[in-house]
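Participant: This is entry_26.cif, which holds mmCIF, C-alpha atoms:
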data_work
loop_
_atom_site.label_atom_id
_atom_site.label_comp_id
_atom_site.auth_asym_id
_atom_site.auth_seq_id
_atom_site.Cartn_x
_atom_site.Cartn_y
_atom_site.Cartn_z
CA MET A 1 -96.40 -167.33 103.65
CA SER A 2 -97.93 -164.10 102.37
CA PRO A 3 -96.46 -163.13 99.00
CA ASN A 4 -95.35 -159.76 100.36
CA ARG A 5 -93.38 -161.12 103.31
CA ILE A 6 -89.72 -162.08 103.66
CA ALA A 7 -89.21 -165.44 105.39
CA ALA A 8 -86.10 -166.70 107.15
CA ARG A 9 -85.38 -170.00 108.86
CA TYR A 10 -82.88 -170.22 111.74
CA TRP A 11 -81.23 -172.80 113.95
CA ILE A 12 -81.22 -171.47 117.50
CA GLU A 13 -79.86 -172.55 120.88
CA SER A 14 -81.05 -170.88 124.07
CA ALA A 15 -81.29 -171.37 127.82
CA PHE A 16 -84.51 -169.33 127.78
CA PRO A 17 -87.91 -170.74 126.78
CA LEU A 18 -87.71 -171.16 123.03
CA ALA A 19 -90.84 -169.17 122.28
CA GLN A 20 -89.55 -166.29 124.40
CA ALA A 21 -86.15 -166.30 122.69
CA ALA A 22 -87.77 -166.38 119.25
CA GLU A 23 -89.99 -163.43 120.12
CA VAL A 24 -86.96 -161.46 121.28
CA LEU A 25 -85.33 -162.08 117.90
CA ALA A 26 -88.49 -161.03 116.04
CA GLY A 27 -88.82 -157.87 118.12
CA GLU A 28 -85.15 -156.87 117.88
CA GLN A 29 -85.21 -157.26 114.10
CA SER A 30 -88.39 -155.29 113.54
CA SER A 31 -90.36 -152.82 115.69
CA GLY A 32 -89.25 -153.75 119.21
CA THR A 33 -86.40 -153.02 121.58
CA PHE A 34 -85.37 -154.22 125.06
CA VAL A 35 -88.24 -152.30 126.65
CA ARG A 36 -91.72 -151.35 125.41
CA VAL A 37 -91.76 -147.72 124.24
CA PRO A 38 -94.81 -145.44 123.89
CA GLY A 39 -94.74 -145.31 120.08
CA GLU A 40 -94.89 -149.09 119.72
CA THR A 41 -98.66 -149.35 119.46
CA GLU A 42 -100.54 -152.56 118.80
CA GLU A 43 -101.40 -151.24 115.34
CA LEU A 44 -97.73 -150.60 114.59
CA ARG A 45 -96.70 -154.02 115.88
CA GLU A 46 -99.34 -155.69 113.75
CA ARG A 47 -98.27 -153.80 110.65
CA ALA A 48 -94.48 -153.75 111.00
CA GLY A 49 -93.55 -156.42 113.52
CA ALA A 50 -91.80 -159.61 112.55
CA ARG A 51 -93.80 -162.79 113.21
CA VAL A 52 -92.57 -166.10 114.59
CA GLU A 53 -94.34 -168.52 112.27
CA SER A 54 -93.10 -171.84 113.66
CA ILE A 55 -90.82 -173.44 116.24
CA ARG A 56 -89.61 -177.02 115.85
CA GLU A 57 -87.79 -178.20 118.94
CA LEU A 58 -84.70 -180.34 118.38
CA ASP A 59 -82.20 -181.54 120.98
CA GLU A 60 -80.54 -179.90 123.97
CA SER A 61 -77.08 -179.43 125.46
CA PRO A 62 -75.81 -178.99 129.03
CA THR A 63 -73.30 -176.37 127.85
CA PRO A 64 -73.59 -173.33 125.56
CA SER A 65 -72.11 -173.48 122.08
CA LEU A 66 -71.01 -169.83 122.16
CA PRO A 67 -69.58 -167.62 124.92
CA GLY A 68 -71.41 -164.65 126.39
CA ALA A 69 -74.92 -166.10 126.41
CA GLY A 70 -77.34 -165.29 129.21
CA ALA A 71 -79.54 -167.68 131.19
CA PRO A 72 -82.57 -167.34 133.46
CA PRO A 73 -81.79 -167.20 137.20
CA GLY A 74 -82.16 -170.33 139.28
CA ALA A 75 -81.29 -173.89 138.40
CA PRO A 76 -78.34 -174.74 136.11
CA PRO A 77 -79.43 -173.86 132.57
CA VAL A 78 -80.26 -176.33 129.83
CA TYR A 79 -79.59 -175.10 126.33
CA ARG A 80 -82.44 -176.12 124.04
CA ARG A 81 -82.16 -176.11 120.28
CA ALA A 82 -84.79 -175.57 117.62
CA GLU A 83 -85.46 -174.50 114.06
CA ILE A 84 -87.66 -171.43 113.85
CA SER A 85 -89.26 -169.55 110.98
CA VAL A 86 -89.68 -165.77 111.13
CA THR A 87 -91.32 -163.46 108.57
CA TRP A 88 -91.23 -159.72 107.95
CA PRO A 89 -93.38 -157.45 105.78
CA VAL A 90 -91.30 -156.32 102.81
CA GLU A 91 -92.65 -152.80 103.44
CA ASN A 92 -90.34 -152.54 106.48
CA LEU A 93 -87.29 -152.21 104.25
CA GLY A 94 -88.34 -152.34 100.62
CA PRO A 95 -86.60 -154.69 98.19
CA SER A 96 -83.05 -153.69 99.24
CA LEU A 97 -80.24 -156.24 99.62
CA PRO A 98 -78.12 -154.22 102.11
CA ASN A 99 -81.19 -153.70 104.28
CA LEU A 100 -82.24 -157.31 103.87
CA MET A 101 -78.86 -158.28 105.35
CA ALA A 102 -79.48 -155.97 108.32
CA THR A 103 -82.92 -157.52 108.81
CA VAL A 104 -82.26 -161.26 108.55
CA ALA A 105 -78.58 -161.31 109.56
CA GLY A 106 -77.99 -158.18 111.63
CA ASN A 107 -77.87 -157.57 115.38
CA LEU A 108 -79.61 -160.83 116.19
CA PHE A 109 -76.29 -162.74 116.39
CA GLU A 110 -75.25 -160.74 119.46
CA LEU A 111 -78.44 -161.22 121.46
CA LYS A 112 -77.80 -162.58 124.97
CA GLN A 113 -80.79 -164.89 124.67
CA PHE A 114 -78.87 -167.09 122.22
CA SER A 115 -75.93 -169.39 122.79
CA GLY A 116 -76.18 -170.41 119.13
CA LEU A 117 -77.85 -168.85 116.09
CA LYS A 118 -77.51 -169.60 112.39
CA LEU A 119 -79.44 -168.38 109.36
CA LEU A 120 -80.36 -171.52 107.41
CA ASP A 121 -82.47 -170.26 104.52
CA MET A 122 -84.62 -167.40 103.32
CA THR A 123 -87.42 -166.91 100.83
CA LEU A 124 -87.89 -163.57 99.13
CA PRO A 125 -91.05 -162.05 97.66
CA ASP A 126 -91.22 -161.16 93.98
CA ASP A 127 -90.44 -157.52 94.84
CA PHE A 128 -86.74 -158.45 94.81
CA ARG A 129 -86.97 -159.93 91.32
CA GLN A 130 -88.62 -156.71 90.16
CA ALA A 131 -86.04 -154.46 91.87
CA TYR A 132 -82.85 -156.28 90.83
CA PRO A 133 -81.84 -157.46 87.34
CA GLY A 134 -80.24 -160.65 88.67
CA PRO A 135 -77.77 -162.71 86.62
CA ALA A 136 -77.43 -161.49 83.03
CA PHE A 137 -75.72 -164.56 81.53
CA ALA A 138 -75.98 -167.46 84.02
CA VAL A 139 -75.78 -170.95 82.48
CA ALA A 140 -76.92 -170.44 78.89
CA GLY A 141 -75.17 -167.12 78.31
CA THR A 142 -71.90 -168.33 79.75
CA ARG A 143 -71.96 -171.48 77.63
CA ARG A 144 -72.67 -169.41 74.52
CA LEU A 145 -69.78 -167.00 75.12
CA ALA A 146 -67.37 -169.83 75.99
CA GLY A 147 -68.50 -172.02 73.08
CA VAL A 148 -69.12 -175.01 75.36
CA GLU A 149 -72.40 -176.88 74.84
CA ARG A 150 -72.27 -180.23 76.63
CA LEU A 151 -69.35 -180.67 79.02
CA PRO A 152 -68.66 -178.42 81.98
CA LEU A 153 -66.41 -175.47 81.28
CA ILE A 154 -62.96 -176.97 81.89
CA GLY A 155 -61.04 -174.28 83.68
CA THR A 156 -58.04 -173.34 85.74
CA ILE A 157 -56.70 -170.68 88.07
CA ILE A 158 -53.50 -168.85 87.30
CA LYS A 159 -50.83 -170.41 89.52
CA PRO A 160 -48.63 -169.25 91.18
CA SER A 161 -51.43 -167.09 92.55
CA ILE A 162 -49.29 -163.96 92.62
CA GLY A 163 -45.71 -163.12 91.70
CA MET A 164 -45.87 -163.30 87.90
CA ASN A 165 -45.86 -160.14 85.80
CA PRO A 166 -48.25 -159.55 82.86
CA ARG A 167 -45.85 -161.00 80.30
CA GLU A 168 -45.30 -164.19 82.35
CA THR A 169 -49.05 -164.52 82.94
CA ALA A 170 -49.72 -164.22 79.21
CA ALA A 171 -47.10 -166.88 78.46
CA MET A 172 -48.92 -169.29 80.76
CA VAL A 173 -52.25 -168.40 79.15
CA GLU A 174 -50.71 -169.23 75.76
CA GLN A 175 -49.89 -172.74 76.97
CA LEU A 176 -53.38 -173.18 78.39
CA THR A 177 -55.14 -172.06 75.22
CA ALA A 178 -52.93 -174.36 73.15
CA GLY A 179 -54.01 -177.18 75.46
CA GLY A 180 -57.69 -176.54 74.77
CA ILE A 181 -58.81 -174.85 78.02
CA ASP A 182 -62.30 -173.27 78.13
CA PHE A 183 -61.99 -170.97 81.13
CA ILE A 184 -59.16 -169.26 83.05
CA LYS A 185 -59.42 -167.05 86.10
CA ASP A 186 -57.17 -164.79 88.09
CA ASP A 187 -56.51 -165.96 91.61
CA GLU A 188 -58.49 -163.86 94.07
CA LEU A 189 -55.20 -162.49 95.45
CA GLN A 190 -54.28 -160.99 92.08
CA SER A 191 -56.02 -157.73 91.24
CA ASP A 192 -54.06 -154.53 90.53
CA GLY A 193 -50.72 -154.69 92.34
CA PRO A 194 -47.73 -152.72 91.02
CA TYR A 195 -45.90 -155.88 89.90
CA CYS A 196 -48.85 -157.05 87.79
CA PRO A 197 -51.07 -154.04 87.04
CA PHE A 198 -54.62 -154.81 85.96
CA ALA A 199 -54.56 -152.85 82.68
CA ALA A 200 -51.23 -154.33 81.61
CA ARG A 201 -52.40 -157.85 82.49
CA VAL A 202 -55.60 -157.40 80.48
CA HIS A 203 -53.62 -156.13 77.48
CA ALA A 204 -51.10 -158.99 77.57
CA VAL A 205 -53.62 -161.78 78.19
CA MET A 206 -56.21 -160.57 75.68
CA ASP A 207 -53.53 -160.30 72.99
CA VAL A 208 -53.01 -164.05 73.43
CA LEU A 209 -56.72 -164.86 73.62
CA ASN A 210 -57.68 -162.72 70.62
CA ARG A 211 -54.94 -164.24 68.45
CA HIS A 212 -56.07 -167.72 69.53
CA ALA A 213 -59.69 -166.85 68.66
CA ASP A 214 -58.64 -165.58 65.24
CA ARG A 215 -56.85 -168.88 64.54
CA THR A 216 -59.44 -171.27 65.96
CA GLY A 217 -62.75 -169.45 66.23
CA LYS A 218 -62.86 -170.13 69.99
CA LYS A 219 -62.58 -167.26 72.49
CA VAL A 220 -61.31 -168.68 75.77
CA MET A 221 -63.11 -167.06 78.71
CA PHE A 222 -60.79 -165.31 81.17
CA ALA A 223 -62.24 -163.94 84.44
CA PHE A 224 -60.13 -160.88 85.29
CA ASN A 225 -60.27 -160.00 88.99
CA LEU A 226 -61.49 -156.40 89.05
CA THR A 227 -62.30 -156.27 92.79
CA GLY A 228 -61.88 -152.76 94.16
CA GLU A 229 -63.81 -149.57 94.82
CA VAL A 230 -66.98 -149.20 92.73
CA ASP A 231 -65.49 -146.65 90.32
CA GLN A 232 -62.39 -148.82 89.91
CA MET A 233 -64.51 -151.88 89.15
CA ARG A 234 -66.49 -150.01 86.49
CA LEU A 235 -63.29 -148.74 84.87
CA ARG A 236 -61.65 -152.17 84.95
CA HIS A 237 -64.78 -153.77 83.47
CA ASP A 238 -64.64 -151.29 80.59
CA GLN A 239 -60.97 -152.10 80.00
CA VAL A 240 -61.79 -155.82 79.73
CA LEU A 241 -64.76 -155.15 77.44
CA ALA A 242 -62.74 -152.88 75.15
CA ALA A 243 -59.98 -155.49 74.89
CA GLY A 244 -62.46 -158.16 73.76
CA GLY A 245 -62.70 -160.02 77.07
CA THR A 246 -65.72 -162.09 77.97
CA CYS A 247 -65.75 -162.26 81.80
CA VAL A 248 -64.88 -160.33 84.96
CA MET A 249 -64.40 -161.64 88.48
CA VAL A 250 -65.25 -160.08 91.83
CA SER A 251 -64.56 -161.14 95.41
CA VAL A 252 -68.12 -160.78 96.63
CA ASN A 253 -67.39 -160.47 100.35
CA GLY A 254 -64.79 -157.78 99.68
CA ALA A 255 -66.90 -155.73 97.28
CA GLY A 256 -70.11 -156.13 99.31
CA LEU A 257 -73.72 -156.32 98.22
CA ALA A 258 -73.95 -152.70 97.09
CA GLY A 259 -70.65 -153.00 95.19
CA VAL A 260 -71.62 -156.19 93.37
CA SER A 261 -75.05 -154.77 92.57
CA ALA A 262 -73.50 -151.59 91.15
CA LEU A 263 -71.11 -153.68 89.05
CA ARG A 264 -73.99 -155.79 87.74
CA ARG A 265 -75.98 -152.74 86.64
CA HIS A 266 -72.94 -151.50 84.72
CA SER A 267 -71.62 -154.79 83.37
CA GLN A 268 -71.97 -156.12 79.85
CA LEU A 269 -70.02 -159.27 80.74
CA PRO A 270 -70.62 -162.33 82.93
CA ILE A 271 -69.68 -161.77 86.57
CA HIS A 272 -67.67 -164.57 88.17
CA GLY A 273 -68.34 -164.46 91.92
CA HIS A 274 -65.57 -165.65 94.25
CA ARG A 275 -66.63 -166.39 97.83
CA ASN A 276 -63.21 -166.09 99.55
CA GLY A 277 -63.82 -165.49 103.24
CA TRP A 278 -66.81 -167.84 103.17
CA GLY A 279 -65.51 -169.94 106.07
CA MET A 280 -66.24 -167.20 108.61
CA PHE A 281 -69.95 -167.54 107.79
CA ASP A 282 -70.36 -171.29 107.88
CA ARG A 283 -67.44 -173.11 109.49
CA SER A 284 -69.02 -172.97 112.95
CA PRO A 285 -72.27 -174.91 113.24
CA ALA A 286 -73.36 -172.53 116.01
CA ILE A 287 -73.24 -169.14 114.29
CA GLY A 288 -73.33 -167.51 110.86
CA MET A 289 -75.32 -168.55 107.83
CA SER A 290 -75.61 -171.56 105.56
CA TYR A 291 -74.59 -171.45 101.92
CA ARG A 292 -78.24 -171.97 101.04
CA ALA A 293 -79.04 -168.52 102.43
CA TYR A 294 -75.73 -166.89 101.50
CA GLN A 295 -75.82 -167.62 97.78
CA LYS A 296 -79.28 -166.09 97.41
CA PHE A 297 -77.94 -162.65 98.31
CA TRP A 298 -75.38 -162.83 95.50
CA ARG A 299 -77.76 -164.28 92.93
CA VAL A 300 -80.10 -161.36 93.46
CA ALA A 301 -77.12 -158.97 93.34
CA GLY A 302 -76.37 -160.39 89.89
CA VAL A 303 -73.42 -162.79 89.78
CA ASP A 304 -73.50 -165.38 87.00
CA HIS A 305 -71.10 -167.89 88.61
CA LEU A 306 -70.38 -168.59 92.27
CA HIS A 307 -67.80 -170.84 93.91
CA VAL A 308 -68.98 -173.92 95.84
CA ASN A 309 -65.64 -175.60 96.70
CA GLY A 310 -65.13 -179.14 95.31
CA LEU A 311 -65.17 -182.82 96.19
CA ARG A 312 -62.28 -184.06 98.33
CA ASN A 313 -61.15 -180.45 98.58
CA LYS A 314 -58.18 -178.99 100.43
CA PHE A 315 -60.47 -177.20 102.88
CA CYS A 316 -62.69 -178.48 105.69
CA GLU A 317 -66.01 -178.72 103.82
CA SER A 318 -67.64 -182.11 103.33
CA ASP A 319 -68.52 -183.51 99.90
CA GLU A 320 -72.20 -183.55 100.88
CA SER A 321 -72.10 -179.84 101.65
CA VAL A 322 -70.36 -179.04 98.36
CA ILE A 323 -72.94 -180.88 96.27
CA ALA A 324 -75.83 -179.34 98.22
CA SER A 325 -74.34 -175.90 97.54
CA ALA A 326 -74.00 -176.59 93.81
CA ARG A 327 -77.59 -177.81 93.62
CA GLU A 328 -78.75 -174.60 95.26
CA CYS A 329 -77.10 -172.50 92.54
CA LEU A 330 -79.02 -174.45 89.89
CA THR A 331 -82.35 -174.31 91.78
CA PRO A 332 -84.72 -171.50 90.74
CA MET A 333 -85.21 -168.76 93.33
CA PHE A 334 -88.46 -167.49 91.82
CA PRO A 335 -91.32 -169.28 90.07
CA PRO A 336 -92.24 -168.68 86.43
CA PRO A 337 -92.95 -166.51 84.59
CA GLY A 338 -89.83 -164.39 84.62
CA PRO A 339 -86.15 -164.99 85.34
CA ASP A 340 -85.40 -167.62 87.97
CA PHE A 341 -81.90 -166.33 88.93
CA THR A 342 -80.17 -169.71 88.51
CA ILE A 343 -76.37 -169.49 88.15
CA LEU A 344 -73.37 -171.71 87.35
CA PRO A 345 -71.69 -173.37 90.34
CA VAL A 346 -67.89 -173.24 90.26
CA PHE A 347 -66.01 -176.30 91.54
CA SER A 348 -62.44 -175.57 92.64
CA SER A 349 -59.98 -176.27 95.47
CA GLY A 350 -57.76 -179.28 94.89
CA GLN A 351 -59.74 -180.51 91.87
CA THR A 352 -58.20 -182.91 89.34
CA ALA A 353 -59.37 -185.39 86.74
CA ALA A 354 -59.95 -187.81 89.64
CA GLN A 355 -63.05 -185.96 90.92
CA ALA A 356 -64.87 -185.61 87.56
CA ALA A 357 -66.91 -188.82 87.61
CA ASP A 358 -67.93 -188.47 91.27
CA THR A 359 -68.89 -184.83 90.75
CA PHE A 360 -71.15 -185.65 87.81
CA ARG A 361 -72.65 -188.65 89.57
CA ALA A 362 -73.45 -186.67 92.72
CA LEU A 363 -74.71 -183.48 91.05
CA GLY A 364 -76.49 -185.09 88.11
CA SER A 365 -75.61 -182.15 85.87
CA ALA A 366 -72.72 -180.88 83.77
CA ASP A 367 -73.83 -177.25 84.17
CA LEU A 368 -70.76 -176.10 86.10
CA ILE A 369 -67.27 -174.69 85.84
CA PHE A 370 -64.63 -177.23 86.86
CA ALA A 371 -61.52 -175.27 87.81
CA CYS A 372 -58.28 -177.11 88.49
CA GLY A 373 -55.19 -175.11 89.44
CA GLY A 374 -52.51 -177.58 90.46
CA GLY A 375 -54.66 -180.32 88.91
CA ILE A 376 -53.77 -178.90 85.48
CA MET A 377 -50.61 -176.88 86.09
CA GLY A 378 -48.98 -179.72 88.03
CA HIS A 379 -49.59 -182.50 85.50
CA PRO A 380 -46.32 -184.45 85.06
CA ASP A 381 -46.59 -184.22 81.27
CA GLY A 382 -47.25 -180.47 81.23
CA ILE A 383 -50.12 -178.02 81.08
CA GLY A 384 -51.58 -179.29 77.80
CA ALA A 385 -51.71 -182.83 79.16
CA GLY A 386 -53.37 -181.52 82.32
CA VAL A 387 -56.16 -179.90 80.29
CA ALA A 388 -56.56 -183.05 78.16
CA ALA A 389 -56.72 -185.30 81.22
CA VAL A 390 -59.52 -183.29 82.85
CA ARG A 391 -61.52 -183.09 79.61
CA GLN A 392 -61.10 -186.85 79.00
CA ALA A 393 -62.28 -187.56 82.54
CA TRP A 394 -65.44 -185.53 81.99
CA GLU A 395 -66.09 -187.14 78.61
CA LYS A 396 -65.91 -190.55 80.33
CA ALA A 397 -68.09 -189.34 83.20
CA LEU A 398 -70.86 -188.20 80.84
CA ALA A 399 -70.55 -191.46 78.91
CA GLY A 400 -71.17 -193.42 82.10
#
For this file, produce the structure as structure tokens.

Facilitator:
Amino acid sequence: MSPNRIAARYWIESAFPLAQAAEVLAGEQSSGTFVRVPGETEELRERAGARVESIRELDESPTPSLPGAGAPPGAPPVYRRAEISVTWPVENLGPSLPNLMATVAGNLFELKQFSGLKLLDMTLPDDFRQAYPGPAFAVAGTRRLAGVERLPLIGTIIKPSIGMNPRETAAMVEQLTAGGIDFIKDDELQSDGPYCPFAARVHAVMDVLNRHADRTGKKVMFAFNLTGEVDQMRLRHDQVLAAGGTCVMVSVNGAGLAGVSALRRHSQLPIHGHRNGWGMFDRSPAIGMSYRAYQKFWRVAGVDHLHVNGLRNKFCESDESVIASARECLTPMFPPPGPDFTILPVFSSGQTAAQAADTFRALGSADLIFACGGGIMGHPDGIGAGVAAVRQAWEKALAG
């Protein structure tokens, strides 16, 4: 691929000839429309048009995977499937994440030519590394701030998710810090409601964490959920920073690419990215985008951590998919020299001490955050025992 082109790989299903369907996608997402117009000269098409680089035919189906698809007239349609690669000149849009989304994951999903269409992966030219700062802390910076060198960051989510006031939240944090926790996060449902206002929660929690740090020398990392409008997120970040906090959290789908990017350019703290809403992108095999493509948007936008689910989780994702997602977060997006935009994968969702050994064995790395909500809070011997159990499990895992 030319170094100044954006590349995307798709799974497609179509009753039309595959080459024809792929060309429709390339035209719709670049210089073309449903009919040839006078201004679309050959020179313009050559310069600005998307190119179908490859088509690898797979299997076929007698029925469409999605409703609303068209078919050629005549005999009963057969729906053929393939993986295709399409490229665009970066000059069409410039290195812009919102416009990249419109290009590689825009109107193409509604095209009648497709009864199935999924973005599988994308490769970005170096222009994006030059235009965006990317993760500021990632693996090494997060470990330094949390004071964790070898094991994963042992973490938890405040549970119950909502319903506790700032004082009750701080009391739970006190138990967690006494138990030796490394990382705590707000639940994604807890942001700035009137029962637990953001500023009051920050004040109460950081009072506990700062006193603990003064006693022990260890500042537990707490990811405060600052998701909101851009100005609100900047203000909330500054409140956390002023209070001595070391992490903020954002629901990436809610804040959007422009919102997360604006937060990153303002932030002096690690950004913990929560992917809630992810299932609408990937749960169907016939539409949406894979995590492999999805996480690249947010790494460029500048998150330092991103959720990947967990083994034997409470959701529908397979263990194989979870591990593949975590590996992607740790895989460089760009070659040296320069930043590679790797980030920390966050394992959560029904995690306990029981998944530690299998997680380490499958991933082959301890560069992760291992967040257990009920797996720590629900320990029969209490919160401190829950923290100890998870840490002991990871010590044993690393020891083989």

Participant: Just need the box for region 120-139 of chain A, edges along x, y and z, holding every atom the file lists for it with 3 Å tacked onto each side, so centre and edge lengths in Å to one decimal, as JSON.

Facilitator:
{"center_x": -83.5, "center_y": -163.0, "center_z": 94.5, "size_x": 21.5, "size_y": 23.1, "size_z": 31.9}

Participant: Mind checking which residues fall within 12 Å of Leu97 (chain A), counting only C-alpha atoms, ignoring those fewer than 3 positions away in the same chain, and posting them as an MDAnalysis selection string?

Facilitator: chainID A and resid 6 90 93:94 100:105 124 127:129 131:132 134 256:262 294 296:302

Participant: Write out as number ranges by chain the residues lying within 10 Å of Ile383 (chain A), counting only C-alpha atoms and excluding same-chain residues fewer than 6 positions away.

Facilitator: A: 172, 175-181, 374-377, 389

Participant: Write out as a ChimeraX atom specification which residues come within 9 Å of Gly228 (chain A) when counting only C-alpha atoms, dropping same-chain ones fewer than 4 positions away.

Facilitator: /A:191-192,232-233,250-251,254-255,259

Participant: Could you work out how far CA of Leu306 (chain A) lies from CA of Leu263 (chain A), giving the answer in Å with one decimal?

Facilitator: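 About the pair CA of Leu263 (chain A) and CA of Leu306 (chain A): they are 15.3 Å apart.
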
Participant: Rounded to one decimal place, report the CA of Met333 (chain A)-CA of Asn4 (chain A) distance in Å.

Facilitator: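 Interatomic distance, CA of Met333 (chain A) to CA of Asn4 (chain A): 15.3 Å.
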